[in-house]
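Participant: The following file, protein-v1.txt, comprises compact mmCIF, C-alpha atoms and all ligand atoms:
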```txt
# COMPACT_ATOMS: atom_id res chain seq x y z
CA MET A 1 107.17 139.04 7.37
CA PRO A 2 105.79 141.03 4.42
CA LYS A 3 105.34 144.80 4.64
CA VAL A 4 101.89 146.06 5.56
CA SER A 5 100.38 148.49 3.12
CA LYS A 6 97.79 150.52 4.97
CA LYS A 7 94.65 151.95 3.45
CA GLN A 8 92.70 154.42 5.52
CA HIS A 9 88.98 153.74 5.84
CA ASN A 10 88.31 155.30 9.30
CA ILE A 11 86.74 152.07 10.44
CA ASP A 12 85.55 152.16 14.06
CA ALA A 13 85.88 148.40 14.47
CA VAL A 14 86.20 145.20 12.52
CA VAL A 15 83.98 142.33 13.60
CA ILE A 16 85.43 138.93 12.77
CA GLY A 17 82.84 136.20 12.89
CA GLY A 18 79.87 138.07 11.66
CA VAL A 19 77.15 136.27 13.64
CA GLY A 20 74.35 138.74 14.28
CA PHE A 21 75.04 140.90 11.28
CA ASN A 22 73.31 139.95 8.13
CA PRO A 23 75.16 142.26 5.73
CA ASP A 24 72.12 142.14 3.43
CA ASP A 25 70.15 144.04 6.09
CA TYR A 26 72.46 146.99 5.68
CA ASP A 27 73.78 149.02 2.86
CA PHE A 28 77.12 147.24 3.02
CA ARG A 29 79.42 146.79 0.12
CA THR A 30 81.81 143.93 -0.38
CA ILE A 31 85.43 144.74 -0.98
CA LYS A 32 88.16 142.28 -1.70
CA VAL A 33 91.32 142.85 0.30
CA ASN A 34 94.44 141.27 -1.12
CA THR A 35 96.90 140.01 1.46
CA PRO A 36 100.15 138.02 1.13
CA TYR A 37 98.11 135.04 2.39
CA GLY A 38 95.12 135.24 0.06
CA THR A 39 92.15 137.44 -0.74
CA VAL A 40 89.65 138.31 1.98
CA LYS A 41 86.05 139.34 1.37
CA VAL A 42 85.17 142.20 3.70
CA LYS A 43 81.72 143.75 4.04
CA THR A 44 81.90 147.36 5.01
CA GLY A 45 79.44 150.15 5.60
CA ASN A 46 77.72 152.44 8.09
CA ILE A 47 75.31 151.48 10.83
CA ALA A 48 73.27 154.03 12.79
CA HIS A 49 73.18 153.17 16.49
CA ARG A 50 71.98 155.35 19.38
CA SER A 51 72.50 158.64 17.52
CA ARG A 52 75.92 157.65 16.25
CA ILE A 53 76.95 156.53 12.82
CA LEU A 54 79.51 153.76 13.01
CA GLU A 55 81.68 152.59 10.17
CA LEU A 56 82.09 148.85 10.49
CA ALA A 57 83.81 146.10 8.61
CA LEU A 58 82.77 142.47 8.84
CA ILE A 59 84.86 139.45 8.04
CA GLN A 60 82.72 136.35 7.95
CA ARG A 61 85.11 133.61 9.00
CA HIS A 62 83.35 130.62 7.57
CA ALA A 63 82.08 132.25 4.37
CA ASN A 64 85.41 133.45 3.07
CA ASN A 65 86.53 130.84 0.68
CA ASP A 66 89.07 131.97 -1.90
CA THR A 67 90.13 128.44 -2.73
CA SER A 68 88.68 126.21 -5.41
CA SER A 69 87.05 123.81 -2.91
CA GLY A 70 83.75 125.67 -3.28
CA ALA A 71 82.72 124.96 0.32
CA GLU A 72 80.19 127.48 1.60
CA HIS A 73 81.02 126.93 5.24
CA LEU A 74 84.73 126.53 5.81
CA PRO A 75 85.66 124.33 8.79
CA PRO A 76 87.56 125.96 11.67
CA HIS A 77 90.86 124.18 11.01
CA LYS A 78 90.86 125.40 7.39
CA LEU A 79 90.23 129.10 8.01
CA ASN A 80 92.79 131.52 6.65
CA TYR A 81 93.46 133.27 9.96
CA ARG A 82 96.56 135.07 8.77
CA ALA A 83 94.72 136.58 5.80
CA TYR A 84 91.82 137.76 7.99
CA VAL A 85 94.03 139.48 10.53
CA TRP A 86 96.27 140.96 7.84
CA ALA A 87 93.18 142.36 6.10
CA VAL A 88 92.26 144.26 9.28
CA ARG A 89 95.62 145.95 9.20
CA SER A 90 95.41 146.65 5.49
CA LEU A 91 92.10 148.42 6.05
CA GLY A 92 93.87 150.72 8.50
CA ALA A 93 91.69 149.54 11.40
CA ASN A 94 93.08 149.04 14.91
CA ARG A 95 90.18 147.48 16.77
CA VAL A 96 88.81 144.00 16.30
CA ILE A 97 85.99 142.27 18.10
CA ALA A 98 85.82 138.58 17.41
CA THR A 99 82.65 136.63 18.00
CA ASN A 100 83.15 132.98 18.88
CA SER A 101 80.52 130.36 19.58
CA VAL A 102 81.51 128.15 22.49
CA GLY A 103 80.39 125.34 24.73
CA THR A 104 80.46 125.99 28.45
CA MET A 105 82.28 123.80 30.93
CA GLY A 106 80.84 125.80 33.82
CA SER A 107 77.35 126.86 34.81
CA HIS A 108 76.84 129.64 32.25
CA PRO A 109 73.30 129.45 30.85
CA ARG A 110 72.88 128.69 27.16
CA GLY A 111 72.46 131.97 25.30
CA SER A 112 74.62 133.96 27.71
CA PHE A 113 77.84 135.71 26.74
CA LEU A 114 81.40 135.55 28.03
CA VAL A 115 84.33 137.85 27.35
CA ALA A 116 87.56 135.87 27.02
CA ASP A 117 90.31 137.13 29.33
CA ASP A 118 92.89 134.41 28.63
CA PHE A 119 93.24 131.32 26.48
CA ILE A 120 94.72 127.86 26.23
CA ASP A 121 95.74 126.83 22.73
CA LEU A 122 95.23 123.14 21.93
CA THR A 123 95.20 123.57 18.15
CA ARG A 124 97.63 121.47 16.14
CA SER A 125 97.57 122.13 12.40
CA ARG A 126 97.31 125.92 12.09
CA VAL A 127 99.95 128.43 11.11
CA ASN A 128 100.13 130.55 14.23
CA THR A 129 102.56 133.37 13.44
CA PHE A 130 103.42 136.02 10.86
CA TYR A 131 107.08 135.71 11.79
CA ASP A 132 108.61 132.86 9.86
CA ASP A 133 111.77 134.72 8.91
CA ARG A 134 112.99 135.71 12.37
CA THR A 135 112.38 134.80 16.00
CA VAL A 136 109.68 136.88 17.64
CA HIS A 137 108.25 135.89 21.03
CA VAL A 138 105.22 138.13 21.37
CA ASP A 139 104.13 138.83 24.94
CA MET A 140 100.89 137.14 26.02
CA THR A 141 100.50 138.58 29.52
CA LYS A 142 97.26 140.19 28.38
CA PRO A 143 96.27 138.49 25.13
CA TYR A 144 92.98 140.38 24.83
CA CYS A 145 92.63 144.16 24.70
CA PRO A 146 91.61 145.28 28.21
CA GLU A 147 89.87 148.39 26.92
CA ILE A 148 87.59 146.64 24.44
CA SER A 149 87.00 143.75 26.87
CA ASP A 150 85.88 146.18 29.60
CA SER A 151 83.63 147.90 27.13
CA LEU A 152 82.02 144.57 26.21
CA LEU A 153 81.53 143.66 29.88
CA ASN A 154 79.89 147.06 30.55
CA SER A 155 77.72 146.60 27.51
CA LEU A 156 76.54 143.22 28.80
CA GLU A 157 75.66 144.74 32.18
CA ASN A 158 73.85 147.66 30.60
CA ASN A 159 71.79 145.19 28.59
CA GLN A 160 70.83 143.27 31.76
CA MET A 161 73.06 140.32 31.01
CA GLU A 162 75.52 138.67 33.35
CA PRO A 163 79.03 139.91 32.43
CA PHE A 164 80.88 136.60 32.45
CA LYS A 165 84.58 136.48 31.73
CA GLY A 166 86.93 133.53 31.64
CA VAL A 167 89.46 131.28 29.97
CA TYR A 168 88.80 130.18 26.39
CA VAL A 169 90.15 126.77 25.41
CA CYS A 170 90.65 126.32 21.67
CA THR A 171 90.56 122.80 20.30
CA GLU A 172 91.51 121.73 16.80
CA GLY A 173 88.18 120.27 15.74
CA PRO A 174 86.29 119.80 13.56
CA ARG A 175 85.00 116.99 15.77
CA PHE A 176 83.50 117.89 19.11
CA GLU A 177 85.45 116.94 22.23
CA THR A 178 85.05 113.69 24.12
CA ALA A 179 83.53 113.62 27.59
CA ALA A 180 86.94 112.76 29.08
CA GLU A 181 88.55 115.70 27.27
CA ILE A 182 85.89 118.03 28.63
CA ARG A 183 86.46 116.78 32.19
CA MET A 184 90.13 117.60 31.78
CA LEU A 185 89.63 120.95 30.01
CA GLY A 186 87.06 121.98 32.61
CA THR A 187 89.74 121.92 35.30
CA PHE A 188 91.58 124.82 33.66
CA GLY A 189 89.15 126.50 31.27
CA ASP A 190 85.68 127.99 31.26
CA VAL A 191 84.54 127.65 27.66
CA VAL A 192 85.66 125.62 24.67
CA GLY A 193 85.59 126.54 20.99
CA MET A 194 87.48 126.04 17.72
CA THR A 195 87.92 129.48 16.13
CA GLY A 196 89.65 131.76 18.66
CA LEU A 197 93.20 130.61 17.95
CA PRO A 198 95.50 131.60 16.39
CA GLU A 199 93.51 134.74 15.56
CA VAL A 200 94.17 136.45 18.89
CA VAL A 201 97.90 135.72 18.65
CA LEU A 202 98.16 137.02 15.10
CA ALA A 203 96.33 140.20 16.10
CA ARG A 204 98.78 140.65 18.95
CA GLU A 205 101.70 140.23 16.56
CA LEU A 206 100.35 143.11 14.48
CA GLY A 207 99.72 145.29 17.55
CA LEU A 208 95.96 145.31 17.05
CA CYS A 209 93.42 145.72 19.85
CA TYR A 210 91.54 142.42 19.83
CA ALA A 211 88.78 141.17 22.11
CA SER A 212 86.57 138.11 21.97
CA LEU A 213 82.88 137.94 22.77
CA CYS A 214 81.87 134.30 23.18
CA ILE A 215 78.30 133.14 22.75
CA ILE A 216 77.45 130.14 24.89
CA THR A 217 75.53 127.97 22.46
CA ASN A 218 75.59 124.70 24.36
CA GLN A 219 76.96 122.75 27.27
CA ALA A 220 80.23 121.08 26.39
CA CYS A 221 80.07 117.46 25.33
CA GLY A 222 79.17 114.94 27.99
CA LEU A 223 77.79 117.56 30.41
CA ALA A 224 74.23 117.75 29.10
CA GLY A 225 73.61 114.01 29.01
CA ASN A 226 72.51 114.01 25.38
CA LYS A 227 74.28 114.06 22.04
CA LEU A 228 75.66 117.44 20.98
CA THR A 229 74.64 118.44 17.47
CA ALA A 230 75.77 121.20 15.13
CA ASP A 231 72.08 122.19 14.68
CA GLU A 232 71.82 123.06 18.36
CA VAL A 233 74.71 125.50 17.94
CA VAL A 234 73.25 127.11 14.81
CA GLU A 235 69.79 127.48 16.44
CA MET A 236 71.20 129.31 19.42
CA LEU A 237 73.23 131.66 17.22
CA GLU A 238 70.09 132.50 15.26
CA MET A 239 68.10 133.20 18.44
CA LYS A 240 70.75 135.46 19.90
CA LYS A 241 71.81 137.46 16.90
CA GLU A 242 69.93 140.67 17.73
CA THR A 243 71.16 140.71 21.33
CA LEU A 244 74.65 140.08 20.10
CA ARG A 245 74.47 142.99 17.68
CA THR A 246 73.25 145.38 20.40
CA ILE A 247 76.03 144.32 22.77
CA LEU A 248 78.68 144.78 20.10
CA LEU A 249 77.44 148.16 18.90
CA ASP A 250 76.99 149.49 22.46
CA ALA A 251 80.53 148.39 23.24
CA ILE A 252 81.96 150.03 20.13
CA ILE A 253 80.25 153.40 20.65
CA SER A 254 81.52 153.63 24.22
CA LEU A 255 85.19 153.14 23.29
CA PRO A 256 87.37 156.25 23.64
CA ALA A 257 88.45 157.96 20.41
CA HIS A 258 92.05 156.97 21.10
CA SER A 259 93.15 153.73 22.73
CA ASN A 260 94.72 153.90 26.18
CA CYS A 261 95.84 150.28 26.29
CA GLY A 262 99.27 148.89 25.47
CA CYS A 263 98.21 146.59 22.62
CA LYS A 264 100.00 148.45 19.87
CA ASP A 265 103.31 147.96 21.68
CA ALA A 266 102.90 144.18 22.16
CA ILE A 267 105.72 143.43 19.79
CA LYS A 268 108.24 145.78 21.42
CA GLY A 269 111.17 143.85 22.84
CA ALA A 270 109.90 140.57 21.39
CA THR A 271 112.51 140.08 18.67
CA ILE A 272 115.72 138.12 19.20
ZN ZN B 301 94.00 147.49 23.12
```
Before we go any further, please render this structure as structure tokens.

Facilitator:
Amino acid sequence: MPKVSKKQHNIDAVVIGGVGFNPDDYDFRTIKVNTPYGTVKVKTGNIAHRSRILELALIQRHANNDTSSGAEHLPPHKLNYRAYVWAVRSLGANRVIATNSVGTMGSHPRGSFLVADDFIDLTRSRVNTFYDDRTVHVDMTKPYCPEISDSLLNSLENNQMEPFKGVYVCTEGPRFETAAEIRMLGTFGDVVGMTGLPEVVLARELGLCYASLCIITNQACGLAGNKLTADEVVEMLEMKKETLRTILLDAIISLPAHSNCGCKDAIKGATI
């Protein structure tokens, strides 16, 4: 694993996903962070929220193409997860909130939010570790930071939204799931998406505090009785972006100055 070179920016939190924040609405600047895995475009700047000034960084997952393909919206199986997570570390930040759009396999209403408290990884083609040169079995007892997750759940309650939590199932995509797959996945998971893995694992390997706020954009395939379209997902994200921003910012301002969770020690005792 390469050495991390840290730069201090005093960033309160990094949001990976970027739904809800149109960086053009703020006085954000774009910086390019070089990582051993490629260059990452990061938008960074201050946002005033409830009498606090927060310094945030945004990594827009799908709009971060440093390859020559020219695609404006990178598909989930082609995202450079290692570069994104490495960039967080390079910025000197410790806290990450990921936003993930998901389909529900339960009874969560469309437009509601769920905080992931565990995951099942069904991805197939993605590089899922920083440790290629030695054997490191990082602990996954609590894959998501309990402190940030609690803060997100409180924020949902304070904004009169049901604080759902549950198991996130990550599929490879880019196709949607079949109805039979959803019947199976629904027996052990709550929501299904394509972007949460291996990001959470990589964050854990670097000892970062990482939580995931999932936006329920649709019912999973085969449950609604009609064809699932990508437009339906995009529409819901657009409708919910202001709520999402409030929930995130409320959660970030209520975090303690210093973390009291064990995330930074996740890698202790993991190396053979
Ligand atoms: Zn933590």

Participant: Rank A:Cys170, A:Glu199, A:Ile11, A:Ile215 by their smallest atom-to-atom distance to A:Lys241, using only C-alpha atoms, and report the top residue only.

Facilitator: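 Closest to A:Lys241 of all the choices is A:Ile215.
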
Participant: Can you pull out every residue with an atom within 8 Å of ligand ZN 301 (chain B)? Use only C-alpha atoms and all ligand atoms and format it as JSON, numbers by chain.

Facilitator: {"A": [95, 144, 145, 146, 147, 148, 208, 209, 210, 259, 260, 261, 262, 263, 264]}

Participant: Atoms to include: C-alpha atoms. Write the selected residues as a compact mmCIF listing (two decimals), in the frame of the given file.

Facilitator:
```txt
# COMPACT_ATOMS: atom_id res chain seq x y z
CA ARG A 95 90.18 147.48 16.77
CA TYR A 144 92.98 140.38 24.83
CA CYS A 145 92.63 144.16 24.70
CA PRO A 146 91.61 145.28 28.21
CA GLU A 147 89.87 148.39 26.92
CA ILE A 148 87.59 146.64 24.44
CA LEU A 208 95.96 145.31 17.05
CA CYS A 209 93.42 145.72 19.85
CA TYR A 210 91.54 142.42 19.83
CA SER A 259 93.15 153.73 22.73
CA ASN A 260 94.72 153.90 26.18
CA CYS A 261 95.84 150.28 26.29
CA GLY A 262 99.27 148.89 25.47
CA CYS A 263 98.21 146.59 22.62
CA LYS A 264 100.00 148.45 19.87
```

Participant: Hey, can you check how far atom CA of A:Gly45 sits from atom CA of A:Ile97?

Facilitator: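 Distance between the two atoms: 16.2 Å.
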
Participant: Residues near stretch 22-39 of chain A, anyone? I mean within 7 Å using all atoms listed in the file, not counting same-chain ones fewer than 2 positions away, as a list in words.

Facilitator: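 Here the qualifying residues turn out to be Gly20, Lys41, Val42, Lys43, Thr44, Gly45, Asp66, Arg82, Ala83, Trp86 and Ala87 of chain A.
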
Participant: Could you jot down the atom CA of A:Gly173 to atom CA of A:Leu58 separation for me, Å, one decimal place?

Facilitator: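 Rounded to one decimal, the two atoms are 23.9 Å apart.
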
Participant: Just give me the gap between atom CA of A:Ile267 and atom CA of A:Val138 in Å, one decimal is fine.

Facilitator: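 So the answer is 5.6 Å.
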
Participant: Determine the nearest neighbour of A:Ala203 from the options A:Asp265, A:Glu235, A:Asp250, A:Glu162, counting all atoms listed in the file.

Facilitator: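 Comparing A:Asp265, A:Glu235, A:Asp250, A:Glu162 against A:Ala203, the winner is A:Asp265.
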
Participant: I'd like the neighbourhood of A:Ser212 as a list in words, where a residue qualifies if any of its atoms comes within 8 Å (using all atoms listed in the file), though same-chain residues fewer than 3 positions away should be ignored.

Facilitator: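 Close residues of A:Ser212: Ile97, Ala98, Thr99, Asn100, Val115, Ala116, Tyr144, Ser149 and Gly196 of chain A.
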
Participant: From the options A:Met140, A:Leu114, A:Met184, A:Leu197, which residue's atoms come nearest to A:Phe164, counting all atoms listed in the file?

Facilitator: A:Leu114

Participant: Find the spatial neighbours of A:Val102, counting all atoms listed in the file, within a cut-off of 12 Å - ignore same-chain residues fewer than 2 positions away - and output them as a count of residues only.

Facilitator: 46

Participant: To test the calculation: enclose all listed atoms of stretch 156-175 of chain A in a box whose edges run along x, y and z, add 3 Å on each side, then state centre and edge lengths in Å to one decimal, as AutoDock Vina command-line options.

Facilitator:
```
--center_x 81.2 --center_y 132.3 --center_z 23.5 --size_x 26.7 --size_y 36.7 --size_z 25.8
```

Participant: Which is closer to A:Ala48 than all the others in A:Thr271, A:Thr135, A:Ser151, A:Thr246, using all atoms listed in the file?

Facilitator: A:Thr246
